[in-house]
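Engineer: This is my_file_26.cif, which holds mmCIF, C-alpha atoms:
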```
data_entry
#
loop_
_atom_site.label_atom_id
_atom_site.label_comp_id
_atom_site.auth_asym_id
_atom_site.auth_seq_id
_atom_site.Cartn_x
_atom_site.Cartn_y
_atom_site.Cartn_z
CA MET L 864 -10.44 -26.69 25.39
CA PRO L 865 -8.49 -23.69 26.80
CA THR L 866 -8.04 -23.65 30.53
CA LYS L 867 -9.47 -20.61 32.29
CA PRO L 868 -6.94 -18.71 34.41
CA SER L 869 -7.22 -19.33 38.14
CA LYS L 870 -8.77 -16.58 40.28
CA LEU L 871 -5.57 -16.64 42.31
CA GLU L 872 -3.43 -15.62 39.37
CA SER L 873 -2.40 -11.98 39.14
CA PRO L 874 -1.25 -10.73 35.70
CA ASP L 875 1.94 -8.73 35.71
CA ILE L 876 1.51 -4.97 35.51
CA VAL L 877 4.14 -2.65 34.08
CA GLY L 878 5.32 -0.07 36.58
CA SER L 879 5.29 3.66 35.98
CA GLN L 880 8.48 5.73 36.01
CA LYS L 881 6.43 8.92 36.35
CA ALA L 882 4.69 7.54 39.47
CA TYR L 883 8.10 6.45 40.77
CA ASP L 884 9.45 9.98 40.33
CA ASP L 885 6.34 11.55 41.87
CA PHE L 886 6.35 9.45 45.05
CA LEU L 887 10.10 9.15 45.55
CA PRO L 888 10.47 12.37 47.63
CA ALA L 889 7.80 11.23 50.12
CA ALA L 890 9.37 7.79 50.33
CA GLN L 891 12.83 9.26 50.94
CA ASP L 892 11.42 11.36 53.81
CA LEU L 893 10.27 8.28 55.76
CA PRO L 894 12.15 7.70 59.04
CA GLU L 895 14.69 4.91 58.67
CA ALA L 896 13.14 3.05 61.63
CA ASP L 897 9.79 2.82 59.79
CA VAL L 898 11.12 1.29 56.57
CA ARG L 899 9.94 -2.25 55.86
CA THR L 900 11.81 -4.82 53.84
CA PHE L 901 9.94 -5.58 50.62
CA ARG L 902 8.84 -9.22 50.53
CA ALA L 903 5.72 -9.08 48.42
CA ASP L 904 4.12 -9.56 45.02
CA PRO L 905 3.84 -5.98 43.71
CA SER L 906 1.39 -6.89 40.93
CA LEU L 907 -0.92 -8.50 43.45
CA ALA L 908 -0.70 -5.39 45.64
CA TYR L 909 -1.67 -3.26 42.63
CA HIS L 910 -4.73 -5.38 41.88
CA ASN L 911 -5.88 -5.26 45.50
CA VAL L 912 -5.39 -1.49 45.63
CA LYS L 913 -7.49 -1.15 42.45
CA SER L 914 -10.16 -3.39 43.93
CA GLY L 915 -10.36 -1.21 47.04
CA LEU L 916 -10.47 2.03 45.07
CA ASP L 917 -13.21 0.65 42.81
CA ALA L 918 -15.19 -0.34 45.90
CA ILE L 919 -15.13 3.08 47.53
CA ALA L 920 -15.59 5.01 44.27
CA PRO L 921 -19.42 5.19 44.50
CA HIS L 922 -19.13 6.61 48.03
CA ILE L 923 -16.56 9.36 47.48
CA ALA L 924 -19.05 12.19 48.05
CA ARG L 925 -20.18 10.74 51.38
CA ILE L 926 -16.61 9.95 52.45
CA THR L 927 -15.58 13.54 51.65
CA GLU L 928 -18.51 14.95 53.61
CA GLU L 929 -18.56 12.64 56.59
CA LEU L 930 -14.85 11.84 56.96
CA PRO L 931 -13.23 15.27 56.61
CA LYS L 932 -9.90 14.03 58.04
CA VAL L 933 -9.48 11.51 55.21
CA ASP L 934 -7.41 12.84 52.31
CA VAL L 935 -9.54 11.46 49.48
CA ALA L 936 -7.24 12.88 46.82
CA GLU L 937 -4.29 10.94 48.26
CA LEU L 938 -6.37 7.77 48.48
CA GLN L 939 -7.23 8.05 44.80
CA LYS L 940 -3.51 8.10 43.95
CA LEU L 941 -2.84 4.74 45.64
CA ASP L 942 -2.93 2.85 42.35
CA ASP L 943 -0.19 5.14 41.03
CA LEU L 944 1.84 4.50 44.18
CA ALA L 945 1.41 0.76 43.63
CA LEU L 946 2.72 1.24 40.07
CA ALA L 947 5.70 3.10 41.51
CA VAL L 948 6.46 0.07 43.71
CA ILE L 949 6.28 -2.23 40.69
CA TYR L 950 8.67 0.02 38.80
CA ALA L 951 11.07 0.18 41.78
CA ALA L 952 11.05 -3.61 42.15
CA ALA L 953 11.85 -3.94 38.45
CA GLN L 954 14.87 -1.64 38.84
CA VAL L 955 16.33 -4.00 41.44
CA ASP L 956 15.96 -6.90 39.02
CA ARG L 957 17.58 -4.94 36.20
CA SER L 958 20.44 -3.36 38.15
CA SER L 959 21.99 -6.57 39.41
CA ASP L 960 21.43 -10.23 39.95
CA GLY L 961 20.10 -9.36 43.42
CA SER L 962 22.79 -11.48 45.08
CA THR L 963 24.36 -8.87 47.36
CA PRO L 964 22.12 -9.50 50.42
CA ALA L 965 22.64 -13.25 50.07
CA LEU L 966 26.40 -12.76 49.76
CA LEU L 967 26.44 -10.69 52.95
CA GLU L 968 24.62 -13.46 54.82
CA LYS L 969 27.01 -16.07 53.47
CA ALA L 970 29.97 -13.89 54.42
CA ARG L 971 28.69 -13.57 58.00
CA ALA L 972 28.33 -17.33 58.29
CA LEU L 973 31.81 -17.95 56.92
CA ARG L 974 33.39 -15.31 59.12
CA ASP L 975 31.75 -16.81 62.23
CA VAL L 976 33.22 -20.24 61.48
CA LEU L 977 36.65 -18.93 60.57
CA ILE L 978 37.00 -16.50 63.48
CA LYS L 979 36.02 -19.15 66.03
CA SER L 980 38.55 -21.54 64.58
CA ALA L 981 41.16 -18.78 64.50
CA ASP L 982 40.53 -18.07 68.19
CA ALA L 983 41.13 -21.72 69.04
CA LEU L 984 44.27 -21.91 66.91
CA ALA L 985 45.62 -18.68 68.42
CA ALA L 986 44.98 -20.02 71.94
CA ALA L 987 47.02 -23.08 70.97
CA GLY L 988 49.84 -20.83 69.72
CA LEU L 989 49.53 -22.00 66.14
CA ILE L 990 48.69 -18.60 64.64
CA PRO L 991 49.42 -15.07 65.95
CA LEU L 992 46.83 -13.85 68.46
CA ARG L 993 47.48 -10.25 67.45
CA ALA L 994 46.48 -11.00 63.86
CA VAL L 995 43.18 -12.47 65.00
CA GLU L 996 42.45 -9.51 67.29
CA LYS L 997 43.13 -7.10 64.45
CA ILE L 998 40.62 -8.90 62.25
CA ARG L 999 38.02 -8.71 65.02
CA ALA L 1000 38.19 -4.89 65.13
CA GLY L 1001 35.65 -2.86 63.19
CA LYS L 1002 32.11 -3.47 61.99
CA GLY L 1003 29.87 -3.01 58.99
CA GLY L 1004 29.58 -4.53 55.54
CA ILE L 1005 33.00 -3.44 54.31
CA ASP L 1006 34.71 -4.74 57.44
CA LEU L 1007 32.81 -8.03 57.11
CA ALA L 1008 34.07 -8.42 53.55
CA GLN L 1009 37.62 -7.52 54.55
CA ASP L 1010 37.50 -9.96 57.48
CA CYS L 1011 36.67 -12.80 55.08
CA VAL L 1012 39.63 -11.87 52.88
CA ASP L 1013 42.00 -11.46 55.84
CA LEU L 1014 40.92 -14.68 57.54
CA ALA L 1015 41.39 -16.61 54.31
CA ALA L 1016 44.88 -15.11 53.96
CA LEU L 1017 45.69 -15.94 57.60
CA PHE L 1018 44.65 -19.58 57.24
CA THR L 1019 46.52 -19.87 53.95
CA LYS L 1020 49.71 -18.36 55.38
CA HIS L 1021 49.78 -20.81 58.29
CA ALA L 1022 48.40 -23.80 56.36
CA LYS L 1023 51.34 -26.06 57.27
CA ASP L 1024 51.16 -25.23 60.99
CA ILE L 1025 47.42 -25.82 61.31
CA LYS L 1026 47.08 -28.83 58.99
CA GLY L 1027 44.96 -31.49 60.69
CA LYS L 1028 44.26 -29.20 63.66
CA THR L 1029 41.16 -27.39 62.43
CA ALA L 1030 37.82 -28.34 60.95
CA VAL L 1031 38.04 -25.46 58.47
CA THR L 1032 38.36 -26.82 54.93
CA ALA L 1033 40.34 -25.50 52.00
CA ALA L 1034 37.04 -25.00 50.18
CA SER L 1035 35.71 -22.75 52.96
CA ILE L 1036 38.89 -20.69 52.94
CA LYS L 1037 38.69 -20.23 49.17
CA GLU L 1038 34.99 -19.35 49.38
CA ALA L 1039 35.64 -16.74 52.08
CA ALA L 1040 38.33 -15.11 49.94
CA THR L 1041 36.11 -15.12 46.84
CA ILE L 1042 32.99 -13.75 48.55
CA GLY L 1043 34.95 -11.19 50.54
CA THR L 1044 36.62 -9.88 47.40
CA ASP L 1045 33.31 -9.73 45.55
CA LEU L 1046 31.63 -7.80 48.39
CA LEU L 1047 34.48 -5.29 48.56
CA LYS L 1048 33.57 -4.37 44.99
CA ARG L 1049 29.88 -4.01 45.82
CA VAL L 1050 29.51 -2.48 49.29
CA LYS L 1051 29.93 1.28 49.43
CA PRO L 1052 31.67 3.28 52.17
CA LYS L 1053 29.42 5.82 53.92
CA GLY L 1054 29.18 9.08 52.03
CA THR L 1055 30.14 7.59 48.67
CA LYS L 1056 28.10 6.49 45.72
CA SER L 1057 27.24 2.81 45.68
CA LYS L 1058 29.34 0.60 43.42
CA ASP L 1059 26.40 -1.76 43.20
CA PRO L 1060 23.26 -0.03 41.83
CA ALA L 1061 21.16 -2.75 43.47
CA LEU L 1062 22.08 -1.52 46.95
CA ASP L 1063 20.52 1.89 46.26
CA SER L 1064 17.59 0.52 44.27
CA VAL L 1065 16.75 -1.97 47.03
CA LYS L 1066 16.53 0.85 49.57
CA VAL L 1067 14.27 2.91 47.29
CA ARG L 1068 12.05 -0.09 46.60
CA ASP L 1069 11.70 -0.78 50.33
CA ARG L 1070 10.84 2.86 51.02
CA LEU L 1071 8.18 3.03 48.32
CA TRP L 1072 6.70 -0.23 49.55
CA THR L 1073 6.59 1.15 53.10
CA LEU L 1074 4.83 4.28 51.84
CA LEU L 1075 2.24 2.14 50.06
CA VAL L 1076 1.66 0.02 53.19
CA GLN L 1077 1.18 3.13 55.32
CA ARG L 1078 -1.19 4.90 52.95
CA HIS L 1079 -3.16 1.76 52.19
CA ARG L 1080 -4.09 1.65 55.88
CA ASP L 1081 -6.23 4.76 55.33
CA LEU L 1082 -8.05 3.01 52.50
CA ARG L 1083 -8.64 0.03 54.78
CA ARG L 1084 -9.96 2.32 57.53
CA VAL L 1085 -12.46 3.80 55.11
CA GLY L 1086 -13.41 0.29 54.06
CA MET L 1087 -13.97 -0.73 57.67
CA TRP L 1088 -16.12 2.36 58.20
CA LEU L 1089 -18.25 1.38 55.19
CA TRP L 1090 -18.41 -2.39 55.53
CA ALA L 1091 -17.19 -3.21 59.05
CA ASP L 1092 -16.35 -6.95 59.27
CA ASP L 1093 -16.89 -7.41 55.53
CA VAL L 1094 -14.06 -5.02 54.66
CA ASP L 1095 -11.83 -7.74 53.17
CA GLN L 1096 -14.45 -8.46 50.51
CA HIS L 1097 -14.34 -4.84 49.34
CA VAL L 1098 -10.94 -3.44 50.33
CA PRO L 1099 -8.64 -6.49 50.53
CA PRO L 1100 -5.23 -6.49 52.24
CA LEU L 1101 -2.34 -5.77 49.88
CA GLN L 1102 -1.29 -9.42 49.57
CA SER L 1103 -4.73 -11.04 49.74
CA ARG L 1104 -5.47 -13.50 46.93
CA ASN L 1105 -9.17 -13.60 47.70
CA VAL L 1106 -10.19 -10.50 45.79
CA THR L 1107 -13.78 -11.45 44.92
CA ARG L 1108 -16.06 -8.71 46.14
CA LYS L 1109 -19.78 -8.82 46.95
CA LYS L 1110 -21.74 -6.46 44.70
CA THR L 1111 -24.02 -5.11 47.40
CA ALA L 1112 -24.91 -1.50 48.03
CA VAL L 1113 -24.10 0.07 51.36
CA PRO L 1114 -27.25 1.32 53.10
CA ALA L 1115 -27.14 5.05 53.82
CA ASP L 1116 -28.12 4.52 57.44
CA ARG L 1117 -25.22 2.12 57.92
CA ILE L 1118 -22.76 4.61 56.45
CA ASN L 1119 -24.13 7.38 58.61
CA GLY L 1120 -24.17 5.20 61.68
CA GLN L 1121 -20.52 4.09 61.59
CA ALA L 1122 -17.94 5.97 63.61
CA ALA L 1123 -15.41 7.83 61.50
CA PRO L 1124 -11.95 6.34 61.33
CA GLY L 1125 -9.35 8.06 63.46
#
```
Take the structure in this file and express it as C-alpha cells.
Structural biologist:
Amino acid sequence: MPTKPSKLESPDIVGSQKAYDDFLPAAQDLPEADVRTFRADPSLAYHNVKSGLDAIAPHIARITEELPKVDVAELQKLDDLALAVIYAAAQVDRSSDGSTPALLEKARALRDVLIKSADALAAAGLIPLRAVEKIRAGKGGIDLAQDCVDLAALFTKHAKDIKGKTAVTAASIKEAATIGTDLLKRVKPKGTKSKDPALDSVKVRDRLWTLLVQRHRDLRRVGMWLWADDVDQHVPPLQSRNVTRKKTAVPADRINGQAAPG
C-alpha cells in the first residue's frame, strides 16, 4: 500500500527567471546593513506565502477599503517574489559547488594557527620578524588567501630551522597553500567582476530573500488584523511546517473592530 506523503514535506517548486528579473532591482536597492544571509528552505517559504495569500483572498475588498496604507497589489505578488528566491537559490547551486564561504572560514582558521606559531618562532629568532609583520598587514578576502600562501612558503623555507620547535604540521602547511591558492582564483578585488559566479549569485540570493522577508511582514500584519492570535493558522511564518489552516469565516464585526496595522 503506497505511503501517503507527510504533511511536513514540501514539494520542490521551480523558480521563475521572469520573477527574478522583475524583483532584482528592488533587491539591489536594499541597504547593505539590512541584507540577511539566506539559510532557509525556499520551497517551504513559497508554500507558506501561497497559504497566506489564499487565506486573505476572500477579504481583499475589505482590506483595500479598511487598510488603505496596505499595498494590496504588492502583497499579491509575494508568490512571484518567493519564486524569484527559489530561482536565485538554484543559480548558486548551478554556478559553483558552493564551497567558497567554507573555504574562507577554513582559511581564517589556518591563518590564525600559522600566524600565532610564526609570532612565537620569530620571537625565538628562528624566522625573520619582518616577514611575519609583512604578512600581518592588510585585510579582506584576498589578503587572507595571500596570507595562507605566504605563511606556507615561510614555514617551508625555514623548515630545517623550525623542525621540532612548532606544533604546525606539514599537512597544515600544505593545506594552507592549497586553500590560499584556490581562494586567490575565486575572490574578486573591489571594482572587478567576480571570478567565481557563486560570489555574485550568493549576494543576489541573499538580497531577494531579504526582500521577501520584509514584504512578507506586511502579509503577516494583515493576517494579525484579521485573525489576531490565530494568525499562524492562516498566514504562517515563512519557514513554518505547520501549514494546516482552519476553514472558518472571519466575522465582519471582528474585521471592523481590529485596529489597522501600522
Engineer: What does the distance from atom CA of L:Phe886 to atom CA of L:Leu1071 come to in Å, to one decimal?
Structural biologist: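 Distance between the two atoms: 7.4 Å.
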Engineer: Which residue out of L:Val1098, L:Leu946, L:Leu1017, L:Ala1033 has the minimum interatomic distance to L:Lys997 when only C-alpha atoms are used?
Structural biologist: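 With only C-alpha atoms as the atom set, the closest residue is L:Leu1017.
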Engineer: Report, in Å with one decimal, the straight-line distance from atom CA of L:Arg899 to atom CA of L:Ala952.
Structural biologist: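 Calculated distance between atom CA of L:Arg899 and atom CA of L:Ala952 is 13.8 Å.
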Engineer: Starting from the displayed file, determine the output of the PyMOL selection byres ((chain L and resi 1066) around 12) and express the residue list as a PyMOL selection string.
Structural biologist: chain L and resi 887+890-891+893+895+898-901+948+951-952+954-955+964+1057+1060-1065+1067-1073
Engineer: Which residues would end up in the selection if the PyMOL selection byres ((chain L and resi 967-982) around 9) were applied here, given that I need the answer as an MDAnalysis selection string?
Structural biologist: chainID L and resid 962:966 983:987 990 992 995:996 998:999 1004 1007:1008 1010:1011 1014:1015 1017:1018 1029:1031 1035:1036 1038:1039 1042:1043 1046
Engineer: Can you tell me which residues surround L:Gln939 at a distance of at most 9 Å, considering all atoms listed in the file, apart from same-chain residues fewer than 4 positions away, and format the answer as a list in words?
Structural biologist: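 So the residues in contact are Leu916, Ala920, Asp934, Val935 and Asp943 of chain L.
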Engineer: Which is closer to L:Ala903 than all the others in L:Ile926, L:Val1085, L:Val1076, L:Ala1040, using all atoms listed in the file?
Structural biologist: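 Checking each of L:Ile926, L:Val1085, L:Val1076, L:Ala1040 against L:Ala903, counting all atoms listed in the file, the winner is L:Val1076.
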Engineer: Considering all atoms listed in the file, can you say which of L:Thr927, L:Gln880, L:Val933, L:Arg1084 comes closest to L:His1097?
Structural biologist: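 Among the listed residues, L:Arg1084 lies closest to L:His1097.
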Engineer: Using all atoms listed in the file, find the one residue out of L:Asp1006, L:Asp892, L:Asp884, L:Glu937 that sits nearest to L:Tyr950.
Structural biologist: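 Of L:Asp1006, L:Asp892, L:Asp884, L:Glu937, the one nearest L:Tyr950 is L:Asp884, counting all atoms listed in the file.
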Engineer: List as a PyMOL selection string the protein and nucleic acid residues near L:Leu1101, meaning an atom at most 12 Å away when all atoms listed in the file are counted, but skip any in the same chain fewer than 4 places from it.
Structural biologist: chain L and resi 902-915+941-942+945+1072-1073+1075-1080+1082-1083+1095+1105-1106
Engineer: Please report, as lines of an AutoDock Vina configuration file, the centre and edge lengths in Å to one decimal of an axis-aligned box covering all listed atoms of stretch 887-902 of chain L with 6 Å per side.
Structural biologist:
```
center_x = 11.2
center_y = 1.6
center_z = 53.6
size_x = 18.9
size_y = 33.6
size_z = 28.1
```
Engineer: Would you mind reading off the distance between atom CA of L:Leu1047 and atom CA of L:Thr1032, one decimal, in Å?
Structural biologist: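 Separating atom CA of L:Leu1047 from atom CA of L:Thr1032 is a distance of 22.8 Å.
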